[in-house]
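Shown next: protein22.cif, containing mmCIF, C-alpha atoms and all ligand atoms.
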data_coords
loop_
_atom_site.label_atom_id
_atom_site.label_comp_id
_atom_site.auth_asym_id
_atom_site.auth_seq_id
_atom_site.Cartn_x
_atom_site.Cartn_y
_atom_site.Cartn_z
CA MET Y 24 54.00 -34.30 -104.02
CA THR Y 25 55.34 -37.47 -102.53
CA GLY Y 26 55.68 -39.78 -105.47
CA GLU Y 27 53.04 -42.40 -106.06
CA LEU Y 28 51.70 -42.41 -102.55
CA SER Y 29 49.73 -39.24 -102.68
CA ALA Y 30 48.48 -36.78 -105.18
CA GLN Y 31 48.02 -33.07 -104.78
CA VAL Y 32 44.55 -32.28 -106.05
CA ALA Y 33 44.34 -29.56 -108.63
CA PRO Y 34 41.41 -27.21 -107.94
CA ALA Y 35 39.95 -27.73 -111.42
CA GLU Y 36 40.12 -31.51 -111.29
CA LEU Y 37 39.29 -32.89 -114.70
CA GLY Y 38 36.84 -35.62 -115.59
CA TYR Y 39 33.15 -36.09 -115.19
CA GLU Y 40 33.11 -36.86 -111.47
CA GLY Y 41 35.45 -33.98 -110.78
CA ALA Y 42 33.38 -31.55 -112.79
CA LEU Y 43 30.26 -32.42 -110.80
CA ARG Y 44 31.85 -32.37 -107.35
CA PRO Y 45 30.33 -29.72 -105.12
CA ALA Y 46 33.12 -27.42 -103.90
CA THR Y 47 31.51 -26.03 -100.75
CA LEU Y 48 29.33 -27.34 -97.92
CA ALA Y 49 26.49 -25.16 -99.18
CA GLU Y 50 26.58 -26.89 -102.57
CA PHE Y 51 26.68 -30.36 -101.04
CA VAL Y 52 23.15 -31.74 -101.42
CA GLY Y 53 21.41 -33.63 -98.58
CA GLN Y 54 23.04 -35.20 -95.49
CA GLU Y 55 21.69 -32.25 -93.50
CA LYS Y 56 22.96 -33.44 -90.15
CA VAL Y 57 26.48 -34.16 -91.33
CA ARG Y 58 26.63 -30.81 -93.08
CA GLU Y 59 25.56 -28.97 -89.96
CA GLN Y 60 27.97 -30.90 -87.71
CA MET Y 61 30.82 -30.35 -90.13
CA GLY Y 62 29.99 -26.66 -90.50
CA LEU Y 63 30.27 -26.21 -86.72
CA LEU Y 64 33.52 -28.10 -86.49
CA LEU Y 65 35.16 -26.10 -89.26
CA GLY Y 66 33.64 -22.78 -88.18
CA ALA Y 67 34.89 -23.11 -84.59
CA ALA Y 68 38.39 -24.02 -85.77
CA GLN Y 69 38.47 -21.01 -88.06
CA ILE Y 70 37.33 -18.64 -85.31
CA GLU Y 71 40.07 -19.95 -83.03
CA GLY Y 72 42.69 -20.03 -85.78
CA ARG Y 73 43.59 -23.68 -85.26
CA THR Y 74 43.29 -26.91 -87.22
CA PRO Y 75 39.95 -28.67 -86.68
CA ASP Y 76 39.71 -32.06 -85.01
CA HIS Y 77 40.43 -35.04 -87.22
CA ILE Y 78 37.40 -36.28 -89.14
CA LEU Y 79 36.30 -39.82 -89.93
CA LEU Y 80 33.84 -40.28 -92.78
CA ALA Y 81 32.05 -43.61 -92.58
CA GLY Y 82 29.59 -45.03 -95.08
CA PRO Y 83 29.08 -47.01 -98.27
CA PRO Y 84 30.92 -46.08 -101.49
CA GLY Y 85 29.74 -43.21 -103.66
CA LEU Y 86 27.96 -41.17 -100.98
CA GLY Y 87 30.43 -38.30 -101.06
CA LYS Y 88 33.35 -39.08 -98.76
CA THR Y 89 36.04 -37.94 -101.20
CA THR Y 90 33.93 -34.91 -102.06
CA LEU Y 91 33.57 -33.98 -98.39
CA SER Y 92 37.31 -34.27 -97.79
CA MET Y 93 37.90 -31.78 -100.59
CA ILE Y 94 35.20 -29.52 -99.19
CA VAL Y 95 36.95 -29.52 -95.79
CA ALA Y 96 40.15 -28.28 -97.45
CA ALA Y 97 38.30 -25.74 -99.61
CA GLU Y 98 36.30 -24.35 -96.69
CA LEU Y 99 39.49 -23.98 -94.65
CA GLY Y 100 41.38 -22.55 -97.63
CA VAL Y 101 44.19 -25.10 -97.31
CA PRO Y 102 45.72 -27.64 -99.70
CA ILE Y 103 44.86 -31.33 -99.57
CA GLN Y 104 46.92 -34.45 -100.13
CA GLN Y 105 45.16 -37.69 -100.92
CA THR Y 106 46.33 -41.21 -100.33
CA SER Y 107 44.71 -44.51 -99.43
CA GLY Y 108 45.10 -47.28 -96.89
CA PRO Y 109 46.33 -49.89 -99.40
CA ALA Y 110 49.07 -47.48 -100.57
CA ILE Y 111 50.46 -47.35 -97.02
CA GLN Y 112 52.17 -50.70 -96.65
CA HIS Y 113 54.84 -49.62 -94.17
CA ALA Y 114 55.26 -47.01 -91.46
CA GLY Y 115 57.89 -45.38 -93.71
CA ASP Y 116 55.28 -44.76 -96.42
CA LEU Y 117 53.17 -42.84 -93.94
CA ALA Y 118 56.17 -40.96 -92.50
CA ALA Y 119 56.99 -39.73 -96.03
CA VAL Y 120 53.50 -38.36 -96.53
CA LEU Y 121 53.21 -36.85 -93.03
CA SER Y 122 56.57 -35.09 -93.20
CA SER Y 123 55.65 -33.46 -96.52
CA LEU Y 124 52.51 -31.76 -95.17
CA VAL Y 125 52.48 -27.97 -95.01
CA PRO Y 126 50.92 -26.26 -91.95
CA GLY Y 127 47.15 -26.68 -91.84
CA GLU Y 128 47.03 -29.09 -94.78
CA VAL Y 129 44.30 -31.73 -95.02
CA LEU Y 130 45.51 -35.31 -95.37
CA PHE Y 131 42.83 -37.55 -96.85
CA ILE Y 132 43.30 -41.29 -96.35
CA ASP Y 133 40.68 -43.27 -98.24
CA GLU Y 134 39.98 -46.85 -97.12
CA ILE Y 135 41.85 -46.09 -93.93
CA HIS Y 136 40.90 -49.51 -92.51
CA ARG Y 137 43.29 -51.11 -95.00
CA MET Y 138 46.44 -49.36 -93.77
CA ALA Y 139 49.37 -51.45 -92.45
CA ARG Y 140 49.32 -52.02 -88.68
CA SER Y 141 52.78 -50.45 -88.17
CA ALA Y 142 51.60 -47.29 -89.92
CA GLU Y 143 48.45 -47.21 -87.80
CA GLU Y 144 50.57 -47.03 -84.68
CA MET Y 145 52.62 -44.18 -86.12
CA LEU Y 146 49.41 -42.37 -86.97
CA TYR Y 147 48.21 -42.39 -83.34
CA LEU Y 148 51.09 -40.16 -82.23
CA ALA Y 149 50.91 -38.02 -85.36
CA MET Y 150 47.21 -37.34 -84.84
CA GLU Y 151 47.62 -36.55 -81.17
CA ASP Y 152 50.86 -34.59 -80.95
CA PHE Y 153 51.81 -33.84 -84.58
CA LYS Y 154 54.95 -35.89 -84.07
CA VAL Y 155 56.32 -39.20 -85.30
CA ASP Y 156 59.16 -41.39 -84.12
CA ILE Y 157 61.34 -42.50 -87.00
CA MET Y 158 63.42 -45.65 -86.48
CA VAL Y 159 66.97 -45.25 -87.71
CA GLY Y 160 69.22 -48.29 -88.17
CA LYS Y 161 68.49 -51.94 -87.51
CA GLY Y 162 68.83 -54.47 -84.68
CA ALA Y 163 70.56 -53.54 -81.42
CA GLY Y 164 71.88 -50.24 -82.83
CA ALA Y 165 68.45 -48.98 -83.89
CA THR Y 166 67.37 -45.70 -82.33
CA SER Y 167 64.20 -43.71 -82.67
CA VAL Y 168 64.42 -40.09 -83.72
CA PRO Y 169 61.45 -37.81 -83.00
CA LEU Y 170 60.26 -35.70 -85.91
CA GLU Y 171 57.97 -32.68 -85.51
CA LEU Y 172 55.19 -32.40 -88.08
CA SER Y 173 53.18 -29.43 -89.28
CA PRO Y 174 49.73 -29.33 -87.68
CA PHE Y 175 47.33 -31.01 -90.10
CA THR Y 176 43.79 -32.32 -90.28
CA LEU Y 177 43.37 -35.97 -91.03
CA VAL Y 178 40.23 -36.90 -92.92
CA GLY Y 179 39.87 -40.67 -92.96
CA ALA Y 180 37.27 -42.46 -95.03
CA THR Y 181 36.04 -45.99 -94.53
CA THR Y 182 33.29 -48.22 -95.75
CA ARG Y 183 33.98 -50.46 -92.74
CA ALA Y 184 34.14 -48.33 -89.58
CA GLY Y 185 33.81 -51.51 -87.53
CA LEU Y 186 37.20 -52.70 -88.76
CA LEU Y 187 39.09 -49.73 -87.34
CA PRO Y 188 40.94 -50.46 -84.13
CA ASN Y 189 39.51 -48.54 -81.17
CA PRO Y 190 42.65 -46.48 -80.48
CA LEU Y 191 42.48 -45.13 -84.03
CA ARG Y 192 38.73 -44.51 -83.98
CA ASP Y 193 39.04 -42.69 -80.65
CA ARG Y 194 41.51 -40.20 -82.08
CA PHE Y 195 38.99 -38.76 -84.51
CA GLY Y 196 37.20 -35.82 -82.90
CA PHE Y 197 34.24 -36.24 -85.21
CA THR Y 198 32.78 -39.18 -87.08
CA ALA Y 199 30.33 -38.42 -89.87
CA HIS Y 200 28.06 -41.34 -90.69
CA LEU Y 201 26.91 -40.90 -94.25
CA GLU Y 202 23.53 -42.43 -94.96
CA TYR Y 203 22.01 -43.46 -98.27
CA TYR Y 204 20.25 -40.48 -99.85
CA ALA Y 205 16.48 -40.17 -99.96
CA ASN Y 206 14.97 -39.92 -103.45
CA ALA Y 207 14.21 -36.22 -102.97
CA GLU Y 208 17.89 -35.59 -102.14
CA LEU Y 209 19.01 -37.56 -105.18
CA GLU Y 210 16.69 -35.47 -107.28
CA GLY Y 211 18.54 -32.44 -105.91
CA VAL Y 212 21.90 -34.00 -106.84
CA LEU Y 213 20.59 -34.76 -110.34
CA ARG Y 214 19.07 -31.33 -110.90
CA ARG Y 215 22.39 -29.75 -109.96
CA ALA Y 216 24.36 -32.10 -112.22
CA ALA Y 217 21.92 -31.70 -115.13
CA GLY Y 218 22.30 -27.92 -114.81
CA LEU Y 219 26.10 -28.18 -114.88
CA LEU Y 220 25.92 -30.45 -117.93
CA ASP Y 221 23.47 -28.16 -119.66
CA PHE Y 222 21.04 -31.06 -120.03
CA PRO Y 223 17.41 -29.92 -119.63
CA LEU Y 224 16.02 -33.21 -118.31
CA GLU Y 225 12.40 -32.84 -117.27
CA GLN Y 226 11.27 -33.49 -113.69
CA ALA Y 227 9.62 -36.88 -114.42
CA GLY Y 228 12.92 -38.07 -115.89
CA ILE Y 229 14.89 -36.77 -112.89
CA ALA Y 230 12.52 -38.62 -110.54
CA GLU Y 231 12.83 -41.80 -112.58
CA ILE Y 232 16.65 -41.75 -112.40
CA ALA Y 233 16.57 -40.92 -108.66
CA GLY Y 234 14.37 -43.96 -108.03
CA ARG Y 235 16.89 -46.23 -109.72
CA SER Y 236 20.04 -44.81 -108.16
CA ARG Y 237 20.15 -46.93 -104.99
CA GLY Y 238 20.41 -43.91 -102.72
CA THR Y 239 23.86 -43.14 -104.17
CA PRO Y 240 24.87 -39.85 -105.84
CA ARG Y 241 27.70 -41.46 -107.80
CA ILE Y 242 25.22 -43.86 -109.41
CA ALA Y 243 22.70 -41.05 -110.00
CA ASN Y 244 25.33 -39.02 -111.85
CA ARG Y 245 26.46 -42.02 -113.86
CA LEU Y 246 22.92 -42.89 -114.96
CA LEU Y 247 22.32 -39.25 -115.84
CA ARG Y 248 25.27 -39.38 -118.18
CA ARG Y 249 23.99 -42.56 -119.87
CA VAL Y 250 20.62 -40.92 -120.42
CA ARG Y 251 22.29 -37.83 -121.84
CA ASP Y 252 24.31 -40.02 -124.24
CA TYR Y 253 21.07 -41.69 -125.30
CA THR Y 254 19.24 -38.46 -126.08
CA LEU Y 255 22.28 -37.15 -127.96
CA VAL Y 256 22.74 -40.20 -130.16
CA HIS Y 257 19.07 -40.97 -130.77
CA ASN Y 258 18.06 -37.33 -130.84
CA THR Y 259 15.20 -37.94 -128.38
CA ALA Y 260 13.59 -35.55 -125.91
CA PRO Y 261 15.13 -35.18 -122.44
CA ASP Y 262 12.12 -36.85 -120.80
CA ALA Y 263 11.11 -39.92 -118.76
CA GLU Y 264 10.66 -41.99 -121.90
CA SER Y 265 14.32 -41.51 -122.85
CA VAL Y 266 15.28 -42.35 -119.27
CA ASN Y 267 13.36 -45.64 -119.43
CA ALA Y 268 14.80 -46.56 -122.81
CA ALA Y 269 18.39 -45.69 -121.83
CA LEU Y 270 18.32 -47.45 -118.49
CA SER Y 271 16.77 -50.61 -119.83
CA LEU Y 272 19.54 -50.66 -122.44
CA TYR Y 273 22.05 -50.56 -119.59
CA ASP Y 274 20.25 -53.32 -117.65
CA VAL Y 275 19.25 -51.08 -114.75
CA ASP Y 276 15.80 -52.25 -113.70
CA GLU Y 277 12.97 -50.19 -112.19
CA HIS Y 278 14.28 -50.74 -108.66
CA GLY Y 279 17.84 -49.84 -109.60
CA LEU Y 280 19.18 -53.40 -109.61
CA ASP Y 281 21.97 -53.85 -112.11
CA ARG Y 282 23.38 -57.00 -113.65
CA LEU Y 283 25.54 -57.90 -110.63
CA ASP Y 284 22.73 -57.35 -108.10
CA ARG Y 285 20.40 -59.55 -110.11
CA GLU Y 286 23.10 -62.17 -110.53
CA VAL Y 287 23.69 -62.33 -106.76
CA LEU Y 288 19.96 -62.62 -106.12
CA ARG Y 289 19.56 -65.20 -108.87
CA ILE Y 290 22.36 -67.36 -107.48
CA ILE Y 291 20.88 -67.33 -103.97
CA VAL Y 292 17.44 -68.24 -105.34
CA ASP Y 293 18.24 -70.61 -108.19
CA ARG Y 294 21.47 -72.28 -107.21
CA PHE Y 295 21.03 -72.38 -103.44
CA ALA Y 296 17.24 -72.68 -103.26
CA GLY Y 297 16.97 -69.32 -101.50
CA GLY Y 298 19.97 -69.80 -99.17
CA PRO Y 299 21.53 -69.53 -96.71
CA VAL Y 300 24.75 -68.92 -98.66
CA GLY Y 301 28.06 -67.79 -97.16
CA LEU Y 302 29.70 -64.61 -98.46
CA SER Y 303 32.78 -66.29 -99.94
CA THR Y 304 30.69 -68.92 -101.77
CA LEU Y 305 28.50 -66.18 -103.15
CA ALA Y 306 31.48 -64.09 -104.26
CA ALA Y 307 33.11 -67.08 -105.96
CA SER Y 308 29.84 -67.98 -107.72
CA VAL Y 309 29.48 -64.53 -109.30
CA GLY Y 310 33.22 -64.09 -109.84
CA GLU Y 311 33.48 -60.91 -107.77
CA GLU Y 312 35.53 -59.79 -104.77
CA ALA Y 313 33.85 -60.65 -101.46
CA GLU Y 314 34.46 -57.05 -100.41
CA THR Y 315 32.47 -55.68 -103.37
CA ILE Y 316 29.57 -58.00 -102.60
CA GLU Y 317 29.67 -57.05 -98.93
CA ALA Y 318 30.15 -53.29 -99.34
CA VAL Y 319 28.12 -52.58 -102.46
CA VAL Y 320 25.67 -55.30 -103.44
CA GLU Y 321 24.48 -56.63 -100.10
CA PRO Y 322 23.63 -53.37 -98.34
CA PHE Y 323 21.50 -52.39 -101.31
CA LEU Y 324 19.71 -55.73 -101.66
CA MET Y 325 19.07 -55.76 -97.91
CA ARG Y 326 17.77 -52.22 -97.90
CA ALA Y 327 15.46 -53.11 -100.78
CA GLY Y 328 14.18 -56.03 -98.69
CA LEU Y 329 15.26 -58.59 -101.31
CA ILE Y 330 17.73 -60.51 -99.16
CA ALA Y 331 18.36 -60.91 -95.44
CA ARG Y 332 21.31 -62.02 -93.37
CA SER Y 333 21.03 -65.06 -91.14
CA PRO Y 334 23.73 -66.49 -88.86
CA ARG Y 335 24.38 -69.12 -91.53
CA GLY Y 336 24.55 -66.81 -94.50
CA ARG Y 337 22.46 -64.75 -96.90
CA ILE Y 338 18.90 -65.74 -97.71
CA ALA Y 339 16.46 -64.46 -100.32
CA THR Y 340 13.26 -62.96 -98.88
CA SER Y 341 9.90 -63.67 -100.49
CA LEU Y 342 10.17 -60.23 -102.10
CA GLY Y 343 13.52 -61.36 -103.54
CA TRP Y 344 11.93 -64.46 -105.03
CA SER Y 345 9.06 -62.51 -106.55
CA HIS Y 346 11.43 -59.84 -107.92
CA LEU Y 347 12.86 -62.57 -110.14
CA GLY Y 348 9.38 -63.75 -111.04
CA ARG Y 349 9.71 -66.93 -108.94
CA THR Y 350 7.31 -68.25 -106.33
CA PRO Y 351 8.85 -68.39 -102.86
CA PRO Y 352 8.75 -71.82 -101.20
CA PRO Y 353 6.08 -72.20 -98.48
CA MET Y 354 7.36 -71.23 -95.00
N1 LIG J 401 25.95 -34.58 -101.54
C1 LIG J 401 26.30 -34.52 -102.83
N2 LIG J 401 25.83 -33.55 -103.61
C2 LIG J 401 26.15 -33.52 -104.92
N3 LIG J 401 26.97 -34.42 -105.54
C3 LIG J 401 27.46 -35.39 -104.79
C4 LIG J 401 27.17 -35.50 -103.40
N4 LIG J 401 27.81 -36.56 -102.90
C5 LIG J 401 28.48 -37.12 -103.91
N5 LIG J 401 28.27 -36.42 -105.05
C6 LIG J 401 28.81 -36.77 -106.37
O1 LIG J 401 28.92 -38.19 -106.42
C7 LIG J 401 30.18 -38.58 -106.94
C8 LIG J 401 30.85 -39.55 -105.97
O2 LIG J 401 31.22 -38.91 -104.79
P1 LIG J 401 32.55 -39.29 -104.00
O3 LIG J 401 33.63 -39.67 -104.95
O4 LIG J 401 32.81 -38.19 -103.06
O5 LIG J 401 32.07 -40.57 -103.22
P2 LIG J 401 32.83 -41.41 -102.11
O6 LIG J 401 31.86 -41.65 -100.98
O7 LIG J 401 34.13 -40.82 -101.80
O8 LIG J 401 33.04 -42.78 -102.80
P3 LIG J 401 34.29 -43.72 -102.62
O9 LIG J 401 34.32 -44.04 -101.18
O10 LIG J 401 33.89 -44.87 -103.50
O11 LIG J 401 35.45 -42.94 -103.14
C9 LIG J 401 30.95 -37.30 -107.22
O12 LIG J 401 30.90 -37.08 -108.61
C10 LIG J 401 30.19 -36.20 -106.54
O13 LIG J 401 30.13 -35.09 -107.38
#

Can you dump the structure from the file as structure tokens?
Amino acid sequence: MTGELSAQVAPAELGYEGALRPATLAEFVGQEKVREQMGLLLGAAQIEGRTPDHILLAGPPGLGKTTLSMIVAAELGVPIQQTSGPAIQHAGDLAAVLSSLVPGEVLFIDEIHRMARSAEEMLYLAMEDFKVDIMVGKGAGATSVPLELSPFTLVGATTRAGLLPNPLRDRFGFTAHLEYYANAELEGVLRRAAGLLDFPLEQAGIAEIAGRSRGTPRIANRLLRRVRDYTLVHNTAPDAESVNAALSLYDVDEHGLDRLDREVLRIIVDRFAGGPVGLSTLAASVGEEAETIEAVVEPFLMRAGLIARSPRGRIATSLGWSHLGRTPPPM
């Protein structure tokens, strides 16, 4: 353990998300291509008795990046240390984590695009040669002392692969692009989770939740839990009717839009006459971080065809207008 910067992950991680995390590649539902690519990468490394190439996981939140990093460690039978870009403010923070790694260990850096620039530069050498140069002293008397590291596998996760500097991106031997899950895959995620929770939700209910989960397993699992709460408290059957009642109580509409999504859409339509609206104006209007709007809300609304991006900002499509029950202005 290296203080607050990283946390050793106990195998039986507690909590709802932890309990539902698949532990092996075989249990990981969907993302066929990524699973196959990853399986090859890990298999070849194991045959040759070396650490695999460093892995970059790119994609929107909640699609399984943290889960995959743990699977990499579990499949290789090695420990994992987790940290995140924002926790690495200085090169020294990174040096402390790197020097504590045991041979073969997986280092998971979430939101790697938010790491300090000085640390990024240290990481280049560490990834390539398992070495870092530590600066000792200040000013004219400062010298750099090389430090050998244990061989390790870096698993970086980012929602913004485009923000990574090229030299860093190039040092990952494999980039997995995680895509939103198809409804059939989400049904698989939900069936697995319902089984683990001992909740006999019928197929129509599973399909209903999948359709409202925005292609995201984390959301699917969260909605499943709300539905389970509902059936427990109201003593109703684990069926589609309970799903509809529970999800309307939690303001998740039939397309999976939640309160924030609808608010963003409503502001574009009502306050800005359909747009265009710039990201920062939009974020300020709904009182949310621009990053949340950009990484979570927008991709979903765009995928659903409710908004579009123009060079001057976001605009509501005619589908977006009609989703709110408004008539789009004539073109
Ligand atoms: N392919 C999958 N099969 C089954 N469950 C999954 C899958 N992917 C994700 N999950 C579940 O979804 C939840 C969220 O996954 P995870 O935390 O790995 O997402 P993430 O992409 O790392 O998100 P973030 O970037 O926000 O941390 C976990 O509870 C995990 O069990």

task: List every protein, DNA or RNA residue that has at least one atom no more than 10 Å from (21.3, -48.3, -117.1) in the file's coordinates, counting only C-alpha atoms, and write the result as a list of chain:residue names.
output: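 Using only C-alpha atoms, the matching residues come out as Y:Ile232, Y:Arg235, Y:Ser236, Y:Ile242, Y:Arg245, Y:Leu246, Y:Leu247, Y:Arg248, Y:Arg249, Y:Val250, Y:Val266, Y:Asn267, Y:Ala268, Y:Ala269, Y:Leu270, Y:Ser271, Y:Leu272, Y:Tyr273, Y:Asp274, Y:Val275, Y:Asp276, Y:Glu277, Y:Gly279, Y:Leu280, Y:Asp281, Y:Arg282.
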
### Task
Would you mind listing what lies within 8 Å of Met138 in chain Y as a ChimeraX atom specification, with only C-alpha atoms counted and same-chain residues fewer than 4 positions away left out?
/Y:107-112,134,142-143

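When CA of Leu324 in chain Y is paired with CA of Asp284 in chain Y, their separation reads 7.3 Å.
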
What are the closest atom pairs, with distances in Å to one decimal, for each residue of chain Y lying within 9 Å of ligand LIG 401 (chain J), using all atoms listed in the file, rows by chain and rising residue number, as CSV?
residue,atom,partner,partner_atom,distance
Y:Tyr39,CA,J:LIG401,O12,7.0
Y:Glu40,CA,J:LIG401,O12,3.6
Y:Gly41,CA,J:LIG401,O12,5.9
Y:Ala42,CA,J:LIG401,O13,7.2
Y:Leu43,CA,J:LIG401,O13,4.3
Y:Arg44,CA,J:LIG401,O13,3.2
Y:Pro45,CA,J:LIG401,C2,5.7
Y:Ala46,CA,J:LIG401,O13,8.9
Y:Leu48,CA,J:LIG401,N1,8.8
Y:Glu50,CA,J:LIG401,N2,6.8
Y:Phe51,CA,J:LIG401,N2,4.2
Y:Val52,CA,J:LIG401,N2,3.9
Y:Gly53,CA,J:LIG401,N1,5.5
Y:Gln54,CA,J:LIG401,N1,6.7
Y:Leu80,CA,J:LIG401,O6,8.5
Y:Ala81,CA,J:LIG401,O6,8.6
Y:Gly82,CA,J:LIG401,O6,7.2
Y:Pro83,CA,J:LIG401,O6,6.6
Y:Pro84,CA,J:LIG401,O10,3.8
Y:Gly85,CA,J:LIG401,O8,3.4
Y:Leu86,CA,J:LIG401,O6,3.9
Y:Gly87,CA,J:LIG401,O4,3.1
Y:Lys88,CA,J:LIG401,O7,3.6
Y:Thr89,CA,J:LIG401,O7,3.5
Y:Thr90,CA,J:LIG401,O4,3.6
Y:Leu91,CA,J:LIG401,O4,6.3
Y:Ser92,CA,J:LIG401,O4,8.0
Y:Met93,CA,J:LIG401,O4,8.5
Y:Asp133,CA,J:LIG401,O9,7.0
Y:Glu134,CA,J:LIG401,O9,7.5
Y:Ala180,CA,J:LIG401,O9,7.0
Y:Thr181,CA,J:LIG401,O9,7.1
Y:Thr182,CA,J:LIG401,O9,6.9
Y:Leu201,CA,J:LIG401,O6,8.4
Y:Tyr204,CA,J:LIG401,N1,8.4
Y:Glu208,CA,J:LIG401,N1,8.1
Y:Leu209,CA,J:LIG401,N2,8.1
Y:Gly211,CA,J:LIG401,N2,7.7
Y:Val212,CA,J:LIG401,C2,4.7
Y:Leu213,CA,J:LIG401,C2,7.9
Y:Arg215,CA,J:LIG401,C2,7.3
Y:Ala216,CA,J:LIG401,N3,7.5
Y:Thr239,CA,J:LIG401,O1,7.4
Y:Pro240,CA,J:LIG401,O1,4.4
Y:Arg241,CA,J:LIG401,O1,3.8
Y:Ile242,CA,J:LIG401,O1,7.4
Y:Ala243,CA,J:LIG401,O1,7.7
Y:Asn244,CA,J:LIG401,O1,6.6
Y:Arg245,CA,J:LIG401,O12,8.5

What is the distance, in Å and to one decimal place, between CA of Ala165 in chain Y and CA of Glu144 in chain Y?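 Result for CA of Ala165 in chain Y versus CA of Glu144 in chain Y: 18.0 Å, one decimal.
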
| request: Please work out which residues fall within 7 Å of (38.3, -39.1, -93.0), coordinates as given in the file, with all atoms listed in the file counting, and return them as number ranges by chain. | output: Y: 78-80, 92, 131-132, 177-180

Original post:
Leaving out Met325 in chain Y and any residue of its chain fewer than 2 positions from it, which residues lie within 12 Å of it when counting all atoms listed in the file, given as a list of chain:residue names?
Top reply: Y:Arg237, Y:Leu280, Y:Asp284, Y:Val287, Y:Leu288, Y:Ile316, Y:Glu317, Y:Ala318, Y:Val319, Y:Val320, Y:Glu321, Y:Pro322, Y:Phe323, Y:Ala327, Y:Gly328, Y:Leu329, Y:Ile330, Y:Ala331, Y:Arg332, Y:Ser333, Y:Arg337, Y:Ile338, Y:Ala339, Y:Thr340, Y:Leu342, Y:Gly343

Compare Y:Gly348, Y:Gly72, Y:Gly115, Y:Pro299 by their minimum atom-to-atom distance to Val159 in chain Y, counting all atoms listed in the file, and give me the closest one.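 Closest candidate: Y:Gly115.
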
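For the pair CA of Glu98 in chain Y and CA of Glu59 in chain Y, the interatomic distance is 13.5 Å.
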
Out of Y:Ala149, Y:Ala230, Y:Leu186, Y:Val155, which residue has the shortest atom-to-atom distance to Asn206 in chain Y when counting all atoms listed in the file?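 Smallest distance to Asn206 in chain Y is found for Y:Ala230.
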
_With distances taken over only C-alpha atoms, which residue among Y:Asp76, Y:Asp262, Y:Glu231, Y:Asp221 lies nearest Pro174 in chain Y?_
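Nearest candidate to Pro174 in chain Y out of Y:Asp76, Y:Asp262, Y:Glu231, Y:Asp221: Y:Asp76.
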
Contact residues around Pro169 in chain Y with all atoms listed in the file at 9 Å, ignoring same-chain residues under 3 positions, as a PDB file with C-alpha atoms, in the coordinates of the input:
ATOM      1  CA  LYS Y 154      54.950 -35.890 -84.070  1.00  0.00           C
ATOM      2  CA  VAL Y 155      56.320 -39.200 -85.300  1.00  0.00           C
ATOM      3  CA  ASP Y 156      59.160 -41.390 -84.120  1.00  0.00           C
ATOM      4  CA  ILE Y 157      61.340 -42.500 -87.000  1.00  0.00           C
ATOM      5  CA  MET Y 158      63.420 -45.650 -86.480  1.00  0.00           C
TER       6      MET Y 158
END
